[in-house]
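A.B. asks: You'll find target_15.cif just under this line, and it carries mmCIF, C-alpha atoms.
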data_start
#
loop_
_atom_site.label_atom_id
_atom_site.label_comp_id
_atom_site.auth_asym_id
_atom_site.auth_seq_id
_atom_site.Cartn_x
_atom_site.Cartn_y
_atom_site.Cartn_z
CA MET A 1 -57.99 3.01 20.47
CA PRO A 2 -54.76 3.35 22.43
CA ARG A 3 -51.58 2.81 20.48
CA SER A 4 -49.13 1.03 22.69
CA GLY A 5 -46.33 -1.48 22.38
CA ALA A 6 -44.42 -2.29 19.22
CA ALA A 7 -47.14 -1.05 16.87
CA GLY A 8 -47.26 2.34 18.54
CA ARG A 9 -43.49 2.64 18.43
CA LEU A 10 -43.49 1.67 14.76
CA ARG A 11 -46.00 4.44 14.06
CA LEU A 12 -43.89 6.89 16.04
CA ALA A 13 -40.79 5.81 14.11
CA GLY A 14 -42.66 6.33 10.84
CA LEU A 15 -43.80 9.78 11.91
CA LEU A 16 -40.29 10.82 12.97
CA ILE A 17 -38.63 9.51 9.80
CA ALA A 18 -41.25 10.98 7.46
CA THR A 19 -41.11 14.36 9.22
CA GLY A 20 -37.30 14.37 9.17
CA LEU A 21 -37.02 13.39 5.51
CA LEU A 22 -39.73 15.77 4.30
CA SER A 23 -38.22 18.67 6.22
CA ALA A 24 -34.78 17.79 4.82
CA LEU A 25 -35.95 18.12 1.21
CA PRO A 26 -36.21 21.95 1.09
CA THR A 27 -32.72 22.29 2.58
CA LEU A 28 -31.26 20.54 -0.49
CA PHE A 29 -32.32 23.45 -2.67
CA TRP A 30 -31.21 26.29 -0.41
CA THR A 31 -27.54 27.21 -0.77
CA HIS A 32 -26.95 28.86 2.59
CA PRO A 33 -25.15 27.93 5.82
CA VAL A 34 -28.47 28.00 7.70
CA SER A 35 -29.72 25.27 5.37
CA PHE A 36 -26.88 22.99 6.51
CA PHE A 37 -27.60 23.81 10.14
CA LEU A 38 -31.27 22.91 9.66
CA PHE A 39 -30.31 19.65 7.98
CA ALA A 40 -27.72 18.64 10.58
CA GLY A 41 -29.47 20.09 13.63
CA ALA A 42 -33.14 19.28 13.03
CA CYS A 43 -33.81 16.92 10.11
CA GLY A 44 -30.91 14.53 10.77
CA PRO A 45 -31.68 14.02 14.48
CA LEU A 46 -35.39 13.44 13.66
CA VAL A 47 -34.50 10.69 11.18
CA VAL A 48 -31.95 9.13 13.53
CA ALA A 49 -34.51 9.21 16.35
CA GLY A 50 -36.98 7.46 14.03
CA MET A 51 -34.44 4.79 13.12
CA LEU A 52 -33.67 4.17 16.80
CA THR A 53 -37.39 4.03 17.61
CA TYR A 54 -37.81 1.44 14.85
CA LEU A 55 -35.05 -0.68 16.39
CA TRP A 56 -36.72 -0.24 19.78
CA SER A 57 -40.06 -1.40 18.31
CA GLY A 58 -38.32 -4.56 17.10
CA MET A 59 -37.07 -5.25 20.61
CA GLY A 60 -40.59 -4.60 21.95
CA ASP A 61 -41.90 -7.66 20.11
CA ARG A 62 -40.93 -9.76 23.13
CA GLU A 63 -43.27 -7.82 25.39
CA GLY A 64 -46.52 -9.47 26.43
CA PRO A 65 -47.68 -12.38 28.55
CA ASP A 66 -44.95 -14.66 27.18
CA ALA A 67 -42.20 -12.10 27.58
CA GLY A 68 -39.04 -13.37 29.11
CA ARG A 69 -40.11 -17.00 29.00
CA ALA A 70 -36.92 -18.00 27.26
CA GLN A 71 -34.89 -16.42 30.02
CA THR A 72 -36.89 -17.83 32.95
CA ALA A 73 -37.59 -21.34 31.64
CA ARG A 74 -35.70 -23.97 33.50
CA PRO A 75 -32.99 -25.56 31.46
CA ARG A 76 -33.53 -29.13 30.43
CA ALA A 77 -31.71 -31.63 32.52
CA LEU A 78 -28.63 -32.88 30.81
CA PRO A 79 -28.60 -36.60 30.10
CA SER A 80 -26.90 -38.35 32.93
CA SER A 81 -23.46 -39.54 32.19
CA PRO A 82 -23.07 -43.29 31.93
CA GLU A 83 -21.91 -44.92 35.10
CA ARG A 84 -18.46 -46.14 35.10
CA MET B 1 -25.40 17.32 -8.56
CA ALA B 2 -28.92 17.57 -9.99
CA ARG B 3 -28.98 13.80 -10.48
CA ALA B 4 -27.96 13.24 -6.85
CA VAL B 5 -30.77 15.51 -5.68
CA LEU B 6 -33.26 13.64 -7.87
CA ILE B 7 -32.09 10.32 -6.41
CA LEU B 8 -32.47 11.76 -2.89
CA ILE B 9 -35.98 13.02 -3.67
CA ALA B 10 -37.03 9.67 -5.18
CA SER B 11 -35.57 7.74 -2.22
CA THR B 12 -37.29 10.08 0.22
CA ALA B 13 -40.64 9.66 -1.55
CA GLY B 14 -40.25 5.86 -1.55
CA THR B 15 -39.25 5.77 2.09
CA VAL B 16 -42.05 8.08 3.18
CA ALA B 17 -44.62 5.98 1.26
CA ALA B 18 -43.35 2.71 2.79
CA VAL B 19 -43.09 4.24 6.26
CA ARG B 20 -46.65 5.57 5.96
CA LEU B 21 -47.98 2.19 4.84
CA LEU B 22 -46.22 0.28 7.62
CA GLY B 23 -47.10 2.95 10.19
CA ARG B 24 -50.79 2.61 9.37
CA ARG B 25 -50.77 -1.18 9.14
CA PRO B 26 -48.10 -2.41 11.58
CA ARG B 27 -49.27 -6.02 11.16
CA LEU B 28 -47.73 -5.98 7.68
CA ALA B 29 -44.32 -5.79 9.35
CA GLU B 30 -44.87 -9.18 11.03
CA SER B 31 -44.40 -11.27 7.86
CA VAL B 32 -40.90 -11.92 6.50
CA PRO B 33 -41.33 -9.70 3.37
CA GLY B 34 -42.93 -7.06 5.61
CA LYS B 35 -39.98 -7.22 7.99
CA ALA B 36 -37.60 -6.79 5.07
CA LEU B 37 -39.64 -3.82 3.79
CA ALA B 38 -39.70 -2.31 7.28
CA PHE B 39 -35.95 -2.75 7.74
CA GLY B 40 -35.32 -1.17 4.34
CA SER B 41 -37.69 1.73 4.73
CA PHE B 42 -37.15 2.47 8.45
CA PHE B 43 -33.42 1.90 8.65
CA VAL B 44 -31.43 1.30 5.44
CA LEU B 45 -32.96 3.93 3.13
CA PRO B 46 -33.21 6.73 5.73
CA GLY B 47 -29.58 6.04 6.64
CA LEU B 48 -28.51 6.21 2.99
CA ILE B 49 -30.56 9.38 2.46
CA LEU B 50 -28.88 10.98 5.48
CA VAL B 51 -25.43 10.08 4.13
CA GLY B 52 -26.38 11.36 0.66
CA GLY B 53 -27.90 14.54 2.07
CA THR B 54 -24.83 15.21 4.18
CA ASN B 55 -22.62 14.71 1.14
CA HIS B 56 -24.83 17.06 -0.89
CA HIS B 57 -24.56 19.76 1.77
CA TYR B 58 -20.83 19.14 2.07
CA GLU B 59 -20.36 19.65 -1.68
CA GLN B 60 -22.70 22.63 -1.71
CA ALA B 61 -20.60 24.26 1.01
CA LYS B 62 -17.70 24.42 -1.47
CA SER B 63 -19.61 26.57 -3.94
CA THR B 64 -18.96 30.25 -4.52
CA ALA B 65 -22.68 30.95 -4.10
CA PHE B 66 -22.57 29.36 -0.63
CA CYS B 67 -19.68 31.57 0.53
CA LEU B 68 -21.21 34.72 -0.94
CA SER B 69 -24.56 34.01 0.71
CA CYS B 70 -23.13 35.58 3.89
CA HIS B 71 -23.49 39.36 3.83
CA ILE B 72 -20.02 39.91 5.27
CA ILE B 73 -18.38 38.07 2.36
CA GLU B 74 -20.25 39.89 -0.42
CA PRO B 75 -17.49 42.51 -1.01
CA TYR B 76 -15.00 39.68 -1.53
CA GLY B 77 -17.26 38.32 -4.26
CA THR B 78 -17.41 41.77 -5.83
CA SER B 79 -13.60 41.92 -5.79
CA LEU B 80 -13.54 38.98 -8.20
CA LEU B 81 -15.01 41.30 -10.83
CA ILE B 82 -12.41 44.10 -10.64
CA ASP B 83 -11.36 44.91 -14.18
CA ASP B 84 -7.63 45.02 -13.48
CA ALA B 85 -5.32 42.08 -14.16
CA ARG B 86 -2.98 43.04 -11.27
CA PHE B 87 -5.60 41.93 -8.77
CA LEU B 88 -4.83 38.33 -7.98
CA PRO B 89 -8.31 36.94 -7.19
CA ALA B 90 -9.91 38.85 -10.07
CA ALA B 91 -7.31 37.63 -12.58
CA HIS B 92 -7.72 34.05 -11.37
CA TYR B 93 -11.51 34.16 -11.42
CA GLN B 94 -11.94 35.98 -14.73
CA ASN B 95 -9.43 33.83 -16.59
CA ARG B 96 -10.77 30.59 -15.11
CA ARG B 97 -7.45 29.68 -13.48
CA ILE B 98 -9.71 28.49 -10.68
CA PRO B 99 -13.18 26.93 -11.15
CA ALA B 100 -15.66 29.82 -11.11
CA GLU B 101 -18.23 27.79 -9.17
CA ARG B 102 -15.65 27.02 -6.45
CA ALA B 103 -13.66 30.24 -6.55
CA CYS B 104 -13.35 30.81 -2.78
CA TYR B 105 -12.78 27.18 -1.92
CA ALA B 106 -10.02 26.71 -4.54
CA CYS B 107 -7.68 29.11 -2.72
CA HIS B 108 -9.00 29.20 0.85
CA THR B 109 -8.87 25.59 1.91
CA SER B 110 -6.04 23.55 3.34
CA TYR B 111 -4.96 20.93 0.86
CA ALA B 112 -3.99 18.30 3.40
CA MET B 113 -5.54 15.05 4.53
CA PHE B 114 -7.99 16.68 6.92
CA GLY B 115 -8.06 20.10 5.24
CA ASP B 116 -11.69 19.79 4.20
CA VAL B 117 -12.79 18.75 7.68
CA GLU B 118 -10.82 21.56 9.33
CA ASP B 119 -12.42 24.06 6.98
CA LYS B 120 -15.91 22.78 7.71
CA ILE B 121 -15.31 23.07 11.46
CA ARG B 122 -14.04 26.61 10.94
CA GLY B 123 -17.07 27.29 8.75
CA ILE B 124 -19.38 26.37 11.64
CA ALA B 125 -17.46 28.83 13.83
CA HIS B 126 -17.85 31.50 11.09
CA VAL B 127 -21.64 31.04 11.04
CA TRP B 128 -21.70 31.24 14.84
CA HIS B 129 -19.74 34.52 14.88
CA ASN B 130 -21.83 35.91 12.02
CA ALA B 131 -25.06 35.10 13.89
CA LEU B 132 -23.78 36.72 17.10
CA GLY B 133 -22.33 39.70 15.25
CA THR B 134 -18.85 39.04 16.64
CA ALA B 135 -17.17 38.42 13.27
CA SER B 136 -14.30 40.76 12.40
CA ASP B 137 -15.10 43.18 9.59
CA PRO B 138 -13.19 43.04 7.27
CA VAL B 139 -12.63 39.35 7.85
CA GLN B 140 -9.14 38.13 8.69
CA ILE B 141 -7.52 34.92 7.52
CA TYR B 142 -6.30 32.58 10.27
CA GLN B 143 -2.66 32.47 9.18
CA PRO B 144 -0.44 34.00 6.51
CA PHE B 145 -1.64 32.79 3.12
CA PRO B 146 0.29 29.54 2.49
CA ASN B 147 2.31 29.20 -0.73
CA ARG B 148 1.03 25.65 -0.93
CA SER B 149 -2.38 26.98 -2.02
CA CYS B 150 -0.73 28.66 -5.04
CA LEU B 151 1.85 26.00 -5.81
CA GLN B 152 -0.61 23.13 -5.90
CA CYS B 153 -1.58 24.48 -9.34
CA ARG B 154 1.41 26.60 -10.33
CA HIS B 155 4.29 24.32 -9.40
CA GLY B 156 5.51 22.70 -12.58
CA ALA B 157 3.47 25.00 -14.83
CA ARG B 158 5.53 26.42 -17.68
CA SER B 159 4.31 30.00 -17.09
CA TYR B 160 5.48 29.74 -13.48
CA GLU B 161 8.72 27.82 -13.94
CA GLU B 162 10.05 29.93 -16.84
CA GLU B 163 9.46 33.24 -15.08
CA ALA B 164 12.86 34.65 -14.09
CA ALA B 165 11.57 36.22 -10.87
CA HIS B 166 10.26 32.84 -9.73
CA ALA B 167 13.46 30.99 -10.70
CA ARG B 168 15.57 33.17 -8.38
CA ILE B 169 13.52 32.34 -5.29
CA ARG B 170 12.10 28.96 -6.22
CA ALA B 171 13.55 27.14 -3.21
CA ALA B 172 12.41 29.85 -0.80
CA LEU B 173 8.89 29.71 -2.25
CA LEU B 174 8.80 25.93 -1.91
CA GLU B 175 9.92 25.96 1.71
CA GLY B 176 7.67 28.92 2.51
CA SER B 177 10.34 31.35 3.72
CA LYS B 178 9.18 33.81 1.05
CA SER B 179 5.50 34.34 0.35
CA CYS B 180 3.86 34.63 -3.06
CA ILE B 181 1.81 37.50 -1.61
CA MET B 182 5.02 39.53 -1.04
CA CYS B 183 5.04 40.34 -4.78
CA HIS B 184 1.48 39.55 -5.81
CA ASN B 185 0.15 41.85 -3.15
CA LEU B 186 -3.03 43.18 -4.72
CA VAL B 187 -5.55 40.76 -3.36
CA HIS B 188 -9.20 41.44 -2.46
CA GLU B 189 -8.71 45.06 -1.33
CA VAL B 190 -12.34 45.34 -0.27
CA GLU B 191 -11.86 48.84 1.17
CA LYS B 192 -10.90 50.19 -2.26
CA LEU B 193 -13.50 48.47 -4.42
CA ASP B 194 -15.20 51.70 -5.48
CA ARG B 195 -11.99 53.01 -7.05
CA PHE B 196 -11.75 50.36 -9.75
CA PRO B 197 -13.92 49.55 -12.75
CA ARG B 198 -15.82 46.27 -12.78
CA TRP B 199 -15.81 43.56 -15.37
CA ASP B 200 -19.23 42.58 -16.65
CA PRO B 201 -19.20 38.88 -17.55
CA GLU B 202 -22.34 39.33 -19.68
CA ALA B 203 -20.93 42.13 -21.84
CA ARG B 204 -19.03 40.14 -24.44
CA PRO B 205 -17.73 41.74 -27.65
#
Reformat the file's structure so that it appears as structure tokens.
C.D. replies:
Amino acid sequence: MPRSGAAGRLRLAGLLIATGLLSALPTLFWTHPVSFFLFAGACGPLVVAGMLTYLWSGMGDREGPDAGRAQTARPRALPSSPER
Amino acid sequence: MARAVLILIASTAGTVAAVRLLGRRPRLAESVPGKALAFGSFFVLPGLILVGGTNHHYEQAKSTAFCLSCHIIEPYGTSLLIDDARFLPAAHYQNRRIPAERACYACHTSYAMFGDVEDKIRGIAHVWHNALGTASDPVQIYQPFPNRSCLQCRHGARSYEEEAAHARIRAALLEGSKSCIMCHNLVHEVEKLDRFPRWDPEARP
């Protein structure tokens, strides 16, 4: 079953965040400069990418047959002003 | 520190569990409680864990073990164990005038508003040079050792103020026109380490 749209992006966000956080755990126990580089250069960007993907999935909720209706719907006519 | 790591591990486990649940069943995230759970587990908690993890690494980078984990710095760690009170770093380390777990950081950081940040940026450059093999051996400090690093602890201390040699040049030491290292000139001396006996912290009478 293809995973597309917001649900797919949510899954991708989950994968990125879980991978980033789980790979960050070992670096907390390793007192070495390389550990910091791994945390800042690999784990951090993975988590941030996941967070951004989650935000993107929230924006994707508007996709679908009704997408953009709010923007394209004609505005209601304003009540006519009383004649003077 | 251990408590902070435990909190980070617990938060990570909670976030991973929630992320896994919502990743497998995205429809859960459509209800209001589900949206709140998703926002917490996909955005708030990972963000907090990143901030906490960065802080943990930042604090860890101040430890003596962190500095001595680089091969090029090992002799400087050994110099802290010279059994001779004339050696400045050894006397400071062995008598706990500086915190043993932050021995390098206590003297080799700039104590100004952005001193920590400057040192971390320099630290990244150190790792880069170490990885490429372009680091100077023995290592060189960037500038003459500033009196400020000594006086932040010693200024006002009775043992410092009542010393006649210090009293004569107090103003010059404060303004930096005379250096503490001019007199206290036995520092790490890594080239001569083999000539001096070592102190064994475990061998207590």
A.B. asks: With all atoms listed in the file considered, list every residue of chain B at most 9 Å from chain A, as a ChimeraX atom specification.
C.D. replies: /B:5,8-9,12-13,15-20,22-27,38-39,42-44,46-47,49-50,53-54,56-58,60-61,63,65-70,123-124,127
A.B. asks: Restrict the selected residues to C-alpha atoms and save them as a PDB file, keeping the file's coordinate frame.
C.D. replies:
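And here is the file that came out, again-v9.pdb:
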ATOM      1  CA  VAL B   5     -30.770  15.510  -5.680  1.00  0.00           C
ATOM      2  CA  LEU B   8     -32.470  11.760  -2.890  1.00  0.00           C
ATOM      3  CA  ILE B   9     -35.980  13.020  -3.670  1.00  0.00           C
ATOM      4  CA  THR B  12     -37.290  10.080   0.220  1.00  0.00           C
ATOM      5  CA  ALA B  13     -40.640   9.660  -1.550  1.00  0.00           C
ATOM      6  CA  THR B  15     -39.250   5.770   2.090  1.00  0.00           C
ATOM      7  CA  VAL B  16     -42.050   8.080   3.180  1.00  0.00           C
ATOM      8  CA  ALA B  17     -44.620   5.980   1.260  1.00  0.00           C
ATOM      9  CA  ALA B  18     -43.350   2.710   2.790  1.00  0.00           C
ATOM     10  CA  VAL B  19     -43.090   4.240   6.260  1.00  0.00           C
ATOM     11  CA  ARG B  20     -46.650   5.570   5.960  1.00  0.00           C
ATOM     12  CA  LEU B  22     -46.220   0.280   7.620  1.00  0.00           C
ATOM     13  CA  GLY B  23     -47.100   2.950  10.190  1.00  0.00           C
ATOM     14  CA  ARG B  24     -50.790   2.610   9.370  1.00  0.00           C
ATOM     15  CA  ARG B  25     -50.770  -1.180   9.140  1.00  0.00           C
ATOM     16  CA  PRO B  26     -48.100  -2.410  11.580  1.00  0.00           C
ATOM     17  CA  ARG B  27     -49.270  -6.020  11.160  1.00  0.00           C
ATOM     18  CA  ALA B  38     -39.700  -2.310   7.280  1.00  0.00           C
ATOM     19  CA  PHE B  39     -35.950  -2.750   7.740  1.00  0.00           C
ATOM     20  CA  PHE B  42     -37.150   2.470   8.450  1.00  0.00           C
ATOM     21  CA  PHE B  43     -33.420   1.900   8.650  1.00  0.00           C
ATOM     22  CA  VAL B  44     -31.430   1.300   5.440  1.00  0.00           C
ATOM     23  CA  PRO B  46     -33.210   6.730   5.730  1.00  0.00           C
ATOM     24  CA  GLY B  47     -29.580   6.040   6.640  1.00  0.00           C
ATOM     25  CA  ILE B  49     -30.560   9.380   2.460  1.00  0.00           C
ATOM     26  CA  LEU B  50     -28.880  10.980   5.480  1.00  0.00           C
ATOM     27  CA  GLY B  53     -27.900  14.540   2.070  1.00  0.00           C
ATOM     28  CA  THR B  54     -24.830  15.210   4.180  1.00  0.00           C
ATOM     29  CA  HIS B  56     -24.830  17.060  -0.890  1.00  0.00           C
ATOM     30  CA  HIS B  57     -24.560  19.760   1.770  1.00  0.00           C
ATOM     31  CA  TYR B  58     -20.830  19.140   2.070  1.00  0.00           C
ATOM     32  CA  GLN B  60     -22.700  22.630  -1.710  1.00  0.00           C
ATOM     33  CA  ALA B  61     -20.600  24.260   1.010  1.00  0.00           C
ATOM     34  CA  SER B  63     -19.610  26.570  -3.940  1.00  0.00           C
ATOM     35  CA  ALA B  65     -22.680  30.950  -4.100  1.00  0.00           C
ATOM     36  CA  PHE B  66     -22.570  29.360  -0.630  1.00  0.00           C
ATOM     37  CA  CYS B  67     -19.680  31.570   0.530  1.00  0.00           C
ATOM     38  CA  LEU B  68     -21.210  34.720  -0.940  1.00  0.00           C
ATOM     39  CA  SER B  69     -24.560  34.010   0.710  1.00  0.00           C
ATOM     40  CA  CYS B  70     -23.130  35.580   3.890  1.00  0.00           C
ATOM     41  CA  GLY B 123     -17.070  27.290   8.750  1.00  0.00           C
ATOM     42  CA  ILE B 124     -19.380  26.370  11.640  1.00  0.00           C
ATOM     43  CA  VAL B 127     -21.640  31.040  11.040  1.00  0.00           C
TER      44      VAL B 127
END
A.B. asks: If I take CA of Lys62 (chain B) and CA of Ile121 (chain B), how far is one from the other in Å, to one decimal?
C.D. replies: 13.2 Å
A.B. asks: Give me the result of the PyMOL selection byres ((chain B and resi 154) around 12) on this file, residue by residue, as a compact mmCIF listing (two decimals) with C-alpha atoms, in the frame of the given file.
C.D. replies:
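Once everything was written out, this is out08.txt:
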# COMPACT_ATOMS: atom_id res chain seq x y z
CA HIS B 92 -7.72 34.05 -11.37
CA ARG B 97 -7.45 29.68 -13.48
CA ILE B 98 -9.71 28.49 -10.68
CA ASN B 147 2.31 29.20 -0.73
CA ARG B 148 1.03 25.65 -0.93
CA SER B 149 -2.38 26.98 -2.02
CA CYS B 150 -0.73 28.66 -5.04
CA LEU B 151 1.85 26.00 -5.81
CA GLN B 152 -0.61 23.13 -5.90
CA CYS B 153 -1.58 24.48 -9.34
CA HIS B 155 4.29 24.32 -9.40
CA GLY B 156 5.51 22.70 -12.58
CA ALA B 157 3.47 25.00 -14.83
CA ARG B 158 5.53 26.42 -17.68
CA SER B 159 4.31 30.00 -17.09
CA TYR B 160 5.48 29.74 -13.48
CA GLU B 161 8.72 27.82 -13.94
CA GLU B 162 10.05 29.93 -16.84
CA GLU B 163 9.46 33.24 -15.08
CA HIS B 166 10.26 32.84 -9.73
CA ARG B 170 12.10 28.96 -6.22
CA LEU B 173 8.89 29.71 -2.25
CA LEU B 174 8.80 25.93 -1.91
CA CYS B 180 3.86 34.63 -3.06
A.B. asks: I need the residue nearest His71 (chain B) from this list: B:Pro99, B:Ile169, B:Tyr93, B:Pro138. Use all atoms listed in the file for the distance.
C.D. replies: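 Once distances to His71 (chain B) are computed over all atoms listed in the file, the minimum belongs to B:Pro138.
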A.B. asks: Between B:Trp128, B:Gln94, B:Ile181, B:Lys35, single out the one closest to Ile82 (chain B), counting only C-alpha atoms.
C.D. replies: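 For Ile82 (chain B), the nearest of the given residues is B:Gln94.
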A.B. asks: For this structure, which residues satisfy the selection - the PyMOL selection byres ((chain B and resi 192) around 12) - when it is evaluated on the file as given? I want them as JSON, numbers by chain.
C.D. replies: {"B": [75, 76, 78, 79, 82, 87, 186, 187, 188, 189, 190, 191, 193, 194, 195, 196, 197]}
A.B. asks: Work out how far apart CA of Thr64 (chain B) and CA of Thr109 (chain B) are and give it in Å to one decimal.
C.D. replies: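 If I compute the distance from CA of Thr64 (chain B) to CA of Thr109 (chain B), I get 12.8 Å.
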A.B. asks: Would you mind reading off the distance between CA of Leu81 (chain B) and CA of Trp199 (chain B), one decimal, in Å?
C.D. replies: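 Between CA of Leu81 (chain B) and CA of Trp199 (chain B) the gap is 5.1 Å.
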